[in-house]
>>> print(open('final-v5.txt').read())   # compact mmCIF, C-alpha atoms
# COMPACT_ATOMS: atom_id res chain seq x y z
CA MET A 1 -9.05 -29.76 -9.49
CA THR A 2 -7.37 -27.28 -7.16
CA GLU A 3 -9.00 -27.13 -3.73
CA HIS A 4 -10.25 -23.62 -2.89
CA THR A 5 -10.71 -22.39 0.67
CA PHE A 6 -13.23 -19.59 1.15
CA PRO A 7 -12.71 -17.00 2.36
CA PRO A 8 -8.99 -17.13 1.54
CA ARG A 9 -6.48 -16.76 4.35
CA LEU A 10 -5.37 -13.17 4.87
CA ASP A 11 -1.70 -12.43 4.22
CA ARG A 12 -0.60 -8.81 4.22
CA SER A 13 3.15 -9.18 4.17
CA TYR A 14 4.72 -7.24 1.33
CA PRO A 15 8.48 -7.90 1.32
CA VAL A 16 10.87 -5.82 -0.74
CA ALA A 17 13.29 -7.54 -3.12
CA GLY A 18 15.57 -5.72 -5.52
CA GLY A 19 13.83 -2.45 -4.72
CA LYS A 20 10.40 -3.84 -5.69
CA ILE A 21 7.35 -4.79 -3.63
CA VAL A 22 6.72 -8.53 -3.87
CA THR A 23 3.02 -9.36 -4.16
CA ARG A 24 0.98 -12.47 -4.75
CA SER A 25 -0.50 -11.29 -8.05
CA LEU A 26 -1.42 -8.37 -10.26
CA GLU A 27 -4.18 -8.20 -12.84
CA ALA A 28 -5.67 -6.15 -15.62
CA HIS A 29 -9.33 -6.39 -16.55
CA VAL A 30 -8.93 -6.19 -20.31
CA VAL A 31 -12.68 -5.96 -21.00
CA ASP A 32 -15.57 -4.95 -18.74
CA HIS A 33 -18.31 -6.79 -20.65
CA CYS A 34 -19.04 -10.51 -20.58
CA ASN A 35 -20.91 -13.16 -22.55
CA LEU A 36 -22.79 -14.13 -19.35
CA THR A 37 -25.07 -12.12 -17.05
CA CYS A 38 -24.21 -13.58 -13.66
CA ALA A 39 -26.09 -12.03 -10.76
CA GLU A 40 -23.72 -10.74 -8.04
CA CYS A 41 -20.80 -10.60 -10.47
CA CYS A 42 -18.01 -8.98 -8.42
CA SER A 43 -16.89 -7.07 -11.52
CA LEU A 44 -20.43 -5.78 -12.13
CA SER A 45 -19.99 -6.86 -15.75
CA PRO A 46 -23.69 -7.26 -16.65
CA HIS A 47 -24.27 -3.64 -15.66
CA LEU A 48 -21.25 -2.01 -17.31
CA PRO A 49 -20.92 -0.54 -20.81
CA HIS A 50 -18.79 -2.42 -23.31
CA TRP A 51 -15.15 -1.46 -22.83
CA GLN A 52 -11.82 -2.97 -23.85
CA VAL A 53 -8.31 -1.89 -22.96
CA ASP A 54 -6.13 -0.33 -25.61
CA PRO A 55 -2.96 -2.43 -25.97
CA ALA A 56 -0.77 0.70 -25.90
CA GLU A 57 -2.36 1.77 -22.61
CA LEU A 58 -1.72 -1.63 -21.06
CA ALA A 59 1.90 -1.53 -22.23
CA ARG A 60 2.39 1.90 -20.60
CA ASP A 61 0.84 0.78 -17.32
CA LEU A 62 2.95 -2.37 -17.25
CA ALA A 63 6.18 -0.49 -17.95
CA ARG A 64 5.52 1.83 -15.01
CA ALA A 65 4.29 -0.86 -12.62
CA ALA A 66 7.24 -3.14 -13.40
CA GLN A 67 9.57 -0.55 -11.90
CA VAL A 68 8.14 -1.04 -8.39
CA LEU A 69 6.06 -4.26 -8.34
CA ALA A 70 7.14 -7.91 -8.50
CA PRO A 71 3.95 -10.03 -8.58
CA GLY A 72 4.19 -13.80 -8.68
CA VAL A 73 1.66 -13.97 -11.50
CA PHE A 74 0.03 -11.48 -13.86
CA LYS A 75 -3.60 -12.19 -14.71
CA LEU A 76 -5.65 -11.13 -17.72
CA VAL A 77 -9.18 -10.89 -16.41
CA GLY A 78 -12.60 -9.49 -17.30
CA GLY A 79 -15.53 -9.38 -17.80
CA GLU A 80 -14.71 -12.16 -20.17
CA PRO A 81 -11.14 -11.55 -21.43
CA LEU A 82 -11.59 -13.84 -24.44
CA LEU A 83 -13.90 -11.18 -25.89
CA HIS A 84 -10.95 -8.84 -26.47
CA PRO A 85 -10.20 -8.93 -30.21
CA GLN A 86 -6.46 -8.37 -29.61
CA LEU A 87 -5.97 -10.89 -26.84
CA VAL A 88 -2.90 -12.44 -28.45
CA GLU A 89 -1.26 -9.01 -28.64
CA LEU A 90 -2.12 -8.34 -24.99
CA VAL A 91 -0.49 -11.61 -23.94
CA GLU A 92 2.62 -10.69 -25.93
CA ILE A 93 2.72 -7.25 -24.27
CA VAL A 94 2.54 -8.77 -20.79
CA ARG A 95 5.29 -11.27 -21.66
CA ALA A 96 7.52 -8.54 -23.05
CA SER A 97 7.08 -6.43 -19.89
CA ARG A 98 8.64 -9.21 -17.78
CA ILE A 99 6.57 -7.99 -14.85
CA ALA A 100 5.90 -11.51 -13.58
CA PRO A 101 7.32 -15.00 -14.13
CA ARG A 102 3.84 -16.40 -14.89
CA ILE A 103 0.97 -15.16 -17.04
CA SER A 104 -2.56 -16.41 -16.47
CA ILE A 105 -6.01 -15.88 -17.98
CA THR A 106 -9.24 -16.14 -15.95
CA THR A 107 -12.21 -17.13 -18.10
CA ASN A 108 -15.53 -18.94 -18.11
CA GLY A 109 -14.09 -21.10 -20.90
CA LEU A 110 -17.10 -20.91 -23.20
CA LEU A 111 -15.12 -19.25 -26.01
CA LEU A 112 -11.86 -21.16 -25.61
CA GLU A 113 -12.38 -23.45 -28.57
CA ARG A 114 -12.45 -20.37 -30.84
CA MET A 115 -9.13 -19.08 -29.52
CA PRO A 116 -6.00 -19.46 -31.64
CA ASP A 117 -3.15 -21.63 -30.39
CA ALA A 118 -1.15 -18.44 -29.85
CA VAL A 119 -3.23 -17.69 -26.74
CA PHE A 120 -2.24 -21.02 -25.16
CA ALA A 121 1.34 -20.68 -26.38
CA GLY A 122 1.74 -17.30 -24.68
CA ILE A 123 0.49 -18.10 -21.17
CA ASP A 124 1.52 -20.33 -18.30
CA ALA A 125 -1.77 -20.92 -16.51
CA MET A 126 -5.51 -20.59 -16.89
CA THR A 127 -8.32 -20.46 -14.33
CA ILE A 128 -11.66 -21.60 -15.72
CA SER A 129 -14.78 -20.79 -13.72
CA LEU A 130 -17.36 -23.55 -14.00
CA TYR A 131 -20.95 -22.36 -13.58
CA PRO A 132 -24.04 -24.53 -13.20
CA ARG A 133 -25.57 -22.70 -16.17
CA PRO A 134 -24.47 -22.63 -18.87
CA ALA A 135 -22.38 -25.68 -18.09
CA LEU A 136 -19.18 -26.33 -20.00
CA GLY A 137 -19.70 -29.70 -21.68
CA ALA A 138 -17.49 -32.74 -21.24
CA ALA A 139 -16.28 -32.60 -24.86
CA SER A 140 -15.29 -28.94 -24.48
CA ARG A 141 -13.45 -29.65 -21.25
CA ALA A 142 -11.57 -32.51 -22.86
CA ALA A 143 -10.55 -30.32 -25.81
CA ILE A 144 -9.35 -27.59 -23.44
CA GLU A 145 -7.35 -30.08 -21.41
CA GLU A 146 -5.74 -31.47 -24.57
CA ARG A 147 -4.62 -28.04 -25.78
CA ALA A 148 -3.46 -27.01 -22.34
CA ALA A 149 -1.33 -30.14 -22.08
CA ARG A 150 0.08 -29.55 -25.55
CA PHE A 151 1.24 -26.04 -24.59
CA SER A 152 2.14 -26.85 -20.96
CA VAL A 153 -0.57 -24.55 -19.56
CA ALA A 154 -1.55 -25.33 -15.96
CA LEU A 155 -5.33 -25.53 -15.65
CA ASN A 156 -7.28 -24.54 -12.55
CA TRP A 157 -10.89 -25.67 -12.84
CA LYS A 158 -12.83 -23.54 -10.35
CA GLN A 159 -16.37 -24.61 -9.52
CA GLN A 160 -18.53 -21.48 -9.02
CA ASP A 161 -21.89 -22.66 -7.70
CA GLU A 162 -22.23 -19.62 -5.44
CA PHE A 163 -21.45 -15.90 -5.61
CA VAL A 164 -20.79 -13.47 -2.77
CA VAL A 165 -23.33 -10.68 -2.35
CA MET A 166 -20.94 -7.73 -2.43
CA THR A 167 -22.65 -4.62 -3.77
CA ARG A 168 -24.77 -2.49 -1.46
CA THR A 169 -28.10 -1.23 -2.75
CA SER A 170 -27.07 2.18 -1.37
CA PRO A 171 -23.80 3.37 0.19
CA THR A 172 -23.37 3.46 3.95
CA ALA A 173 -22.29 6.51 5.94
CA ASP A 174 -21.17 4.30 8.84
CA SER A 175 -17.41 4.86 9.07
CA ALA A 176 -16.97 1.93 11.48
CA ALA A 177 -18.69 -0.39 8.99
CA THR A 178 -16.49 0.69 6.09
CA ALA A 179 -13.37 0.35 8.27
CA ALA A 180 -14.43 -3.20 9.21
CA ILE A 181 -15.10 -4.09 5.56
CA PHE A 182 -11.66 -2.86 4.54
CA ASP A 183 -9.86 -4.52 7.45
CA GLY A 184 -11.38 -7.95 6.89
CA CYS A 185 -11.48 -8.08 3.11
CA TRP A 186 -9.24 -10.56 1.28
CA ILE A 187 -9.87 -8.95 -2.12
CA ARG A 188 -7.58 -5.99 -1.37
CA GLU A 189 -4.60 -8.29 -1.01
CA ARG A 190 -5.33 -10.85 -3.74
CA CYS A 191 -6.85 -8.69 -6.49
CA HIS A 192 -4.37 -5.89 -7.13
CA MET A 193 -5.20 -4.20 -10.41
CA LEU A 194 -3.87 -1.86 -13.10
CA ARG A 195 -6.36 0.45 -14.78
CA ALA A 196 -5.99 3.66 -16.80
CA GLY A 197 -2.64 4.71 -15.38
CA ARG A 198 -3.40 3.76 -11.78
CA PHE A 199 -2.63 0.90 -9.39
CA TYR A 200 -5.47 -0.31 -7.18
CA THR A 201 -5.29 -2.64 -4.20
CA CYS A 202 -8.83 -3.75 -5.06
CA THR A 203 -10.81 -4.20 -8.28
CA ARG A 204 -13.97 -2.59 -6.95
CA PRO A 205 -13.12 1.15 -7.31
CA PRO A 206 -12.58 1.07 -11.10
CA HIS A 207 -15.72 -0.98 -11.60
CA PHE A 208 -17.79 1.34 -9.42
CA GLN A 209 -16.37 4.21 -11.47
CA SER A 210 -17.74 2.61 -14.64
CA TYR A 211 -20.99 1.53 -13.00
CA HIS A 212 -21.81 5.08 -11.90
CA ARG A 213 -20.88 6.43 -15.36
CA GLY A 214 -18.53 9.00 -13.82
CA GLU A 215 -21.16 10.49 -11.53
CA LEU A 216 -19.07 9.31 -8.57
CA ASP A 217 -15.26 9.43 -8.57
CA PHE A 218 -13.30 6.49 -7.17
CA THR A 219 -9.94 7.21 -8.84
CA GLY A 220 -8.62 8.49 -5.50
CA ASP A 221 -8.75 4.89 -4.25
CA GLY A 222 -5.78 4.10 -6.48
CA LEU A 223 -2.20 5.29 -6.90
CA ALA A 224 -1.13 7.14 -10.04
CA LEU A 225 1.60 5.20 -11.82
CA ASP A 226 3.44 8.38 -12.81
CA ASN A 227 6.54 8.77 -10.63
CA ILE A 228 5.44 5.88 -8.44
CA THR A 229 7.90 4.55 -5.85
CA ALA A 230 8.17 1.31 -3.91
CA GLU A 231 7.84 3.26 -0.66
CA ARG A 232 4.55 4.83 -1.75
CA VAL A 233 3.22 1.44 -2.90
CA HIS A 234 4.12 -0.17 0.43
CA GLN A 235 2.43 2.64 2.38
CA TYR A 236 -0.65 2.30 0.19
CA LEU A 237 -0.89 -1.49 0.53
CA THR A 238 -0.49 -1.36 4.32
CA ARG A 239 -2.85 1.58 4.94
CA VAL A 240 -5.56 1.30 7.60
CA ASP A 241 -7.97 3.87 6.16
CA PRO A 242 -10.74 2.29 4.05
CA LEU A 243 -11.25 3.07 0.39
CA ALA A 244 -14.13 5.25 -0.75
CA ALA A 245 -15.43 2.16 -2.55
CA CYS A 246 -15.82 0.33 0.79
CA ALA A 247 -18.92 2.42 1.54
CA HIS A 248 -20.54 0.82 -1.53
CA CYS A 249 -19.33 -2.72 -0.82
CA LEU A 250 -20.14 -5.52 1.62
CA GLY A 251 -16.73 -7.16 1.28
CA GLY A 252 -15.47 -10.38 -0.16
CA SER A 253 -16.58 -12.55 2.76
CA ASN A 254 -20.24 -11.55 2.89
CA THR A 255 -23.25 -13.85 2.46
CA MET A 256 -23.18 -16.22 -0.50
CA VAL A 257 -26.09 -17.03 -2.83
CA ARG A 258 -26.62 -19.63 -5.53
CA HIS A 259 -25.34 -18.70 -8.95
CA ARG A 260 -27.95 -17.52 -11.41
CA LEU A 261 -28.16 -15.46 -14.57
CA LEU A 262 -29.95 -12.12 -14.59
CA THR A 263 -33.10 -11.94 -16.67
CA ARG A 264 -33.53 -9.47 -19.52
CA ASP A 265 -35.96 -7.43 -17.42
CA GLU A 266 -33.51 -7.25 -14.53
CA LEU A 267 -30.78 -6.03 -16.86
CA LEU A 268 -32.99 -3.37 -18.42
CA ARG A 269 -33.98 -2.10 -14.97
CA SER A 270 -30.38 -1.93 -13.73
CA ARG A 271 -28.77 -0.25 -16.75
CA ARG A 272 -28.85 3.50 -16.84
>>> encode(input="final-v5.txt", output="structure tokens")
Amino acid sequence: MTEHTFPPRLDRSYPVAGGKIVTRSLEAHVVDHCNLTCAECCSLSPHLPHWQVDPAELARDLARAAQVLAPGVFKLVGGEPLLHPQLVELVEIVRASRIAPRISITTNGLLLERMPDAVFAGIDAMTISLYPRPALGAASRAAIEERAARFSVALNWKQQDEFVVMTRTSPTADSAATAAIFDGCWIRERCHMLRAGRFYTCTRPPHFQSYHRGELDFTGDGLALDNITAERVHQYLTRVDPLAACAHCLGGSNTMVRHRLLTRDELLRSRR
């Protein structure tokens, strides 16, 4: 199992190669919903409406982003990405875009045995989050390892016994606090994201947008992919001003709590 250091080491160097900004990774959350209800989910999945990306929209975003970005890996994330009914097509779209040399899926693994071989055949790596409950059984893990070996997919088993408490109960008006959150947060350099025609340095703004059902607007935290340039991307990634979302967030290095699943009553109270 890969050893994970938390919080990750900060690295905000964004070299330019061939007219493109080289980054560690880029991801698309292809669904917002999940088959689990993890408390403190950084994607807020238990509280979001069901949503899945349209393959044509992902293809458009990738075509634009590939003109200026050169990530080392492209990740299909969620929610739980295996819930997308056109996952194979999404993998093929990412491969055809040639945006990154490696394609990865991040999943809780509970639905992997239902996935067609084409999913494994189309990717290079897979990160599987292992939760205390529900636990992925030994037989399931063995079957996943066998298929991964057969298709030369690198597996990263990631034990997730704890979650970071990231979401504020109410936003702060303290500008110094939001500046400190932004300055010290590793998420904005390791979780770059494409969503609905925009590039985000952090996954939180699009998820807050969905969580607040459009009552609050966080789209200004991202860059429109129309007429995007490498210079604008570099300025955006190296900015010092915090995002609007930072006022609603405690950052990726805040206090950690034991993993647990939300109860039905908690979900009913939180959903609007």
>>> closest_residue(input="final-v5.txt", among="A:Ala100, A:Leu83, A:Val30, A:Cys41", to="A:Ala196", atoms="all atoms listed in the file")
A:Val30
>>> closest_residue(input="final-v5.txt", among="A:Ile21, A:Ile93, A:Leu69, A:Ala154", to="A:Ala56", atoms="all atoms listed in the file")
A:Ile93
>>> atom_distance(input="final-v5.txt", atom1="atom CA of A:Gly184", atom2="atom CA of A:Phe74")
23.9 Å
>>> atom_distance(input="final-v5.txt", atom1="atom CA of A:Asp265", atom2="atom CA of A:Leu112")
28.9 Å
>>> residues_around(input="final-v5.txt", residues="A:Gly252", least_positions_apart="5", cutoff="12 Å", atoms="only C-alpha atoms", output="number ranges by chain")
A: 6-10, 40-43, 163-167, 180-191, 202-204, 246
>>> closest_residue(input="final-v5.txt", among="A:Leu111, A:Asn156, A:Ala96, A:Leu26", to="A:Ala125", atoms="only C-alpha atoms")
A:Asn156
>>> residues_near_point(input="final-v5.txt", point="(-26.3, -14.9, -9.8)", cutoff="9 Å", atoms="all atoms listed in the file", output="list in words")
Thr37, Cys38, Ala39, Glu40, Cys41, Glu162, Phe163, Val257, Arg258, His259, Arg260, Leu261 and Leu262 of chain A
>>> residues_near_point(input="final-v5.txt", point="(-6.0, -13.1, -24.2)", cutoff="6 Å", atoms="all atoms listed in the file", output="list in words")
Leu82, Leu87, Val88, Val91 and Val119 of chain A
>>> closest_atom_pairs(input="final-v5.txt", of="stretch 49-130 of chain A", to="stretch 229-232 of chain A", cutoff="12 Å", atoms="all atoms listed in the file", output="Markdown table")
| residue | atom | partner | partner_atom | distance |
| --- | --- | --- | --- | --- |
| A:Arg64 | CA | A:Thr229 | CA | 9.8 |
| A:Ala65 | CA | A:Thr229 | CA | 9.4 |
| A:Ala66 | CA | A:Ala230 | CA | 10.5 |
| A:Gln67 | CA | A:Thr229 | CA | 8.1 |
| A:Val68 | CA | A:Ala230 | CA | 5.1 |
| A:Leu69 | CA | A:Ala230 | CA | 7.4 |
| A:Ala70 | CA | A:Ala230 | CA | 10.4 |
>>> atom_distance(input="final-v5.txt", atom1="atom CA of A:Tyr14", atom2="atom CA of A:Glu80")
29.4 Å
>>> residues_around(input="final-v5.txt", residues="A:Gly72", least_positions_apart="3", cutoff="9 Å", atoms="all atoms listed in the file", output="ChimeraX atom specification")
/A:22-26,99-102
>>> write_last_selection(input="final-v5.txt", atoms="C-alpha atoms", output="PDB file, in the frame of the given file")
ATOM      1  CA  VAL A  22       6.720  -8.530  -3.870  1.00  0.00           C
ATOM      2  CA  THR A  23       3.020  -9.360  -4.160  1.00  0.00           C
ATOM      3  CA  ARG A  24       0.980 -12.470  -4.750  1.00  0.00           C
ATOM      4  CA  SER A  25      -0.500 -11.290  -8.050  1.00  0.00           C
ATOM      5  CA  LEU A  26      -1.420  -8.370 -10.260  1.00  0.00           C
ATOM      6  CA  ILE A  99       6.570  -7.990 -14.850  1.00  0.00           C
ATOM      7  CA  ALA A 100       5.900 -11.510 -13.580  1.00  0.00           C
ATOM      8  CA  PRO A 101       7.320 -15.000 -14.130  1.00  0.00           C
ATOM      9  CA  ARG A 102       3.840 -16.400 -14.890  1.00  0.00           C
TER      10      ARG A 102
END
>>> residues_around(input="final-v5.txt", residues="A:Pro171", least_positions_apart="3", cutoff="7 Å", atoms="only C-alpha atoms", output="list in words")
Arg168, Ala247 and His248 of chain A
>>> build_atoms(input="final-v5.txt", residues="stretch 125-149 of chain A", atoms="N, CA and C atoms", output="PDB file, in the coordinates of the input")
ATOM      1  N   ALA A 125      -0.699 -20.344 -17.321  1.00  0.00           N
ATOM      2  CA  ALA A 125      -1.770 -20.920 -16.510  1.00  0.00           C
ATOM      3  C   ALA A 125      -3.111 -20.345 -16.944  1.00  0.00           C
ATOM      4  N   MET A 126      -4.163 -21.045 -16.569  1.00  0.00           N
ATOM      5  CA  MET A 126      -5.510 -20.590 -16.890  1.00  0.00           C
ATOM      6  C   MET A 126      -6.465 -21.058 -15.798  1.00  0.00           C
ATOM      7  N   THR A 127      -7.259 -20.122 -15.276  1.00  0.00           N
ATOM      8  CA  THR A 127      -8.320 -20.460 -14.330  1.00  0.00           C
ATOM      9  C   THR A 127      -9.643 -20.414 -15.083  1.00  0.00           C
ATOM     10  N   ILE A 128     -10.378 -21.511 -15.015  1.00  0.00           N
ATOM     11  CA  ILE A 128     -11.660 -21.600 -15.720  1.00  0.00           C
ATOM     12  C   ILE A 128     -12.769 -21.756 -14.698  1.00  0.00           C
ATOM     13  N   SER A 129     -13.647 -20.761 -14.643  1.00  0.00           N
ATOM     14  CA  SER A 129     -14.780 -20.790 -13.720  1.00  0.00           C
ATOM     15  C   SER A 129     -15.883 -21.659 -14.313  1.00  0.00           C
ATOM     16  N   LEU A 130     -16.321 -22.632 -13.549  1.00  0.00           N
ATOM     17  CA  LEU A 130     -17.360 -23.550 -14.000  1.00  0.00           C
ATOM     18  C   LEU A 130     -18.678 -23.192 -13.318  1.00  0.00           C
ATOM     19  N   TYR A 131     -19.650 -22.763 -14.104  1.00  0.00           N
ATOM     20  CA  TYR A 131     -20.950 -22.360 -13.580  1.00  0.00           C
ATOM     21  C   TYR A 131     -21.980 -23.452 -13.834  1.00  0.00           C
ATOM     22  N   PRO A 132     -22.997 -23.535 -12.968  1.00  0.00           N
ATOM     23  CA  PRO A 132     -24.040 -24.530 -13.200  1.00  0.00           C
ATOM     24  C   PRO A 132     -24.764 -24.324 -14.529  1.00  0.00           C
ATOM     25  N   ARG A 133     -24.871 -23.028 -14.927  1.00  0.00           N
ATOM     26  CA  ARG A 133     -25.570 -22.700 -16.170  1.00  0.00           C
ATOM     27  C   ARG A 133     -24.986 -21.419 -16.753  1.00  0.00           C
ATOM     28  N   PRO A 134     -24.567 -21.453 -18.001  1.00  0.00           N
ATOM     29  CA  PRO A 134     -24.470 -22.630 -18.870  1.00  0.00           C
ATOM     30  C   PRO A 134     -23.265 -23.480 -18.482  1.00  0.00           C
ATOM     31  N   ALA A 135     -23.456 -24.768 -18.483  1.00  0.00           N
ATOM     32  CA  ALA A 135     -22.380 -25.680 -18.090  1.00  0.00           C
ATOM     33  C   ALA A 135     -21.444 -25.919 -19.272  1.00  0.00           C
ATOM     34  N   LEU A 136     -20.178 -26.006 -18.985  1.00  0.00           N
ATOM     35  CA  LEU A 136     -19.180 -26.330 -20.000  1.00  0.00           C
ATOM     36  C   LEU A 136     -19.205 -27.840 -20.202  1.00  0.00           C
ATOM     37  N   GLY A 137     -19.523 -28.278 -21.411  1.00  0.00           N
ATOM     38  CA  GLY A 137     -19.700 -29.700 -21.680  1.00  0.00           C
ATOM     39  C   GLY A 137     -18.436 -30.520 -21.559  1.00  0.00           C
ATOM     40  N   ALA A 138     -18.620 -31.829 -21.410  1.00  0.00           N
ATOM     41  CA  ALA A 138     -17.490 -32.740 -21.240  1.00  0.00           C
ATOM     42  C   ALA A 138     -16.552 -32.705 -22.449  1.00  0.00           C
ATOM     43  N   ALA A 139     -17.111 -32.624 -23.657  1.00  0.00           N
ATOM     44  CA  ALA A 139     -16.280 -32.600 -24.860  1.00  0.00           C
ATOM     45  C   ALA A 139     -15.430 -31.325 -24.899  1.00  0.00           C
ATOM     46  N   SER A 140     -16.029 -30.197 -24.510  1.00  0.00           N
ATOM     47  CA  SER A 140     -15.290 -28.940 -24.480  1.00  0.00           C
ATOM     48  C   SER A 140     -14.172 -28.987 -23.443  1.00  0.00           C
ATOM     49  N   ARG A 141     -14.471 -29.548 -22.284  1.00  0.00           N
ATOM     50  CA  ARG A 141     -13.450 -29.650 -21.250  1.00  0.00           C
ATOM     51  C   ARG A 141     -12.297 -30.535 -21.701  1.00  0.00           C
ATOM     52  N   ALA A 142     -12.619 -31.614 -22.379  1.00  0.00           N
ATOM     53  CA  ALA A 142     -11.570 -32.510 -22.860  1.00  0.00           C
ATOM     54  C   ALA A 142     -10.692 -31.816 -23.903  1.00  0.00           C
ATOM     55  N   ALA A 143     -11.315 -31.037 -24.787  1.00  0.00           N
ATOM     56  CA  ALA A 143     -10.550 -30.320 -25.810  1.00  0.00           C
ATOM     57  C   ALA A 143      -9.649 -29.268 -25.174  1.00  0.00           C
ATOM     58  N   ILE A 144     -10.150 -28.594 -24.144  1.00  0.00           N
ATOM     59  CA  ILE A 144      -9.350 -27.590 -23.440  1.00  0.00           C
ATOM     60  C   ILE A 144      -8.170 -28.257 -22.744  1.00  0.00           C
ATOM     61  N   GLU A 145      -8.422 -29.377 -22.109  1.00  0.00           N
ATOM     62  CA  GLU A 145      -7.350 -30.080 -21.410  1.00  0.00           C
ATOM     63  C   GLU A 145      -6.280 -30.565 -22.383  1.00  0.00           C
ATOM     64  N   GLU A 146      -6.713 -30.992 -23.568  1.00  0.00           N
ATOM     65  CA  GLU A 146      -5.740 -31.470 -24.570  1.00  0.00           C
ATOM     66  C   GLU A 146      -4.843 -30.323 -25.024  1.00  0.00           C
ATOM     67  N   ARG A 147      -5.438 -29.175 -25.311  1.00  0.00           N
ATOM     68  CA  ARG A 147      -4.620 -28.040 -25.780  1.00  0.00           C
ATOM     69  C   ARG A 147      -3.733 -27.513 -24.665  1.00  0.00           C
ATOM     70  N   ALA A 148      -4.262 -27.478 -23.462  1.00  0.00           N
ATOM     71  CA  ALA A 148      -3.460 -27.010 -22.340  1.00  0.00           C
ATOM     72  C   ALA A 148      -2.252 -27.906 -22.131  1.00  0.00           C
ATOM     73  N   ALA A 149      -2.449 -29.201 -22.235  1.00  0.00           N
ATOM     74  CA  ALA A 149      -1.330 -30.140 -22.080  1.00  0.00           C
ATOM     75  C   ALA A 149      -0.317 -29.953 -23.205  1.00  0.00           C
TER      76      ALA A 149
END
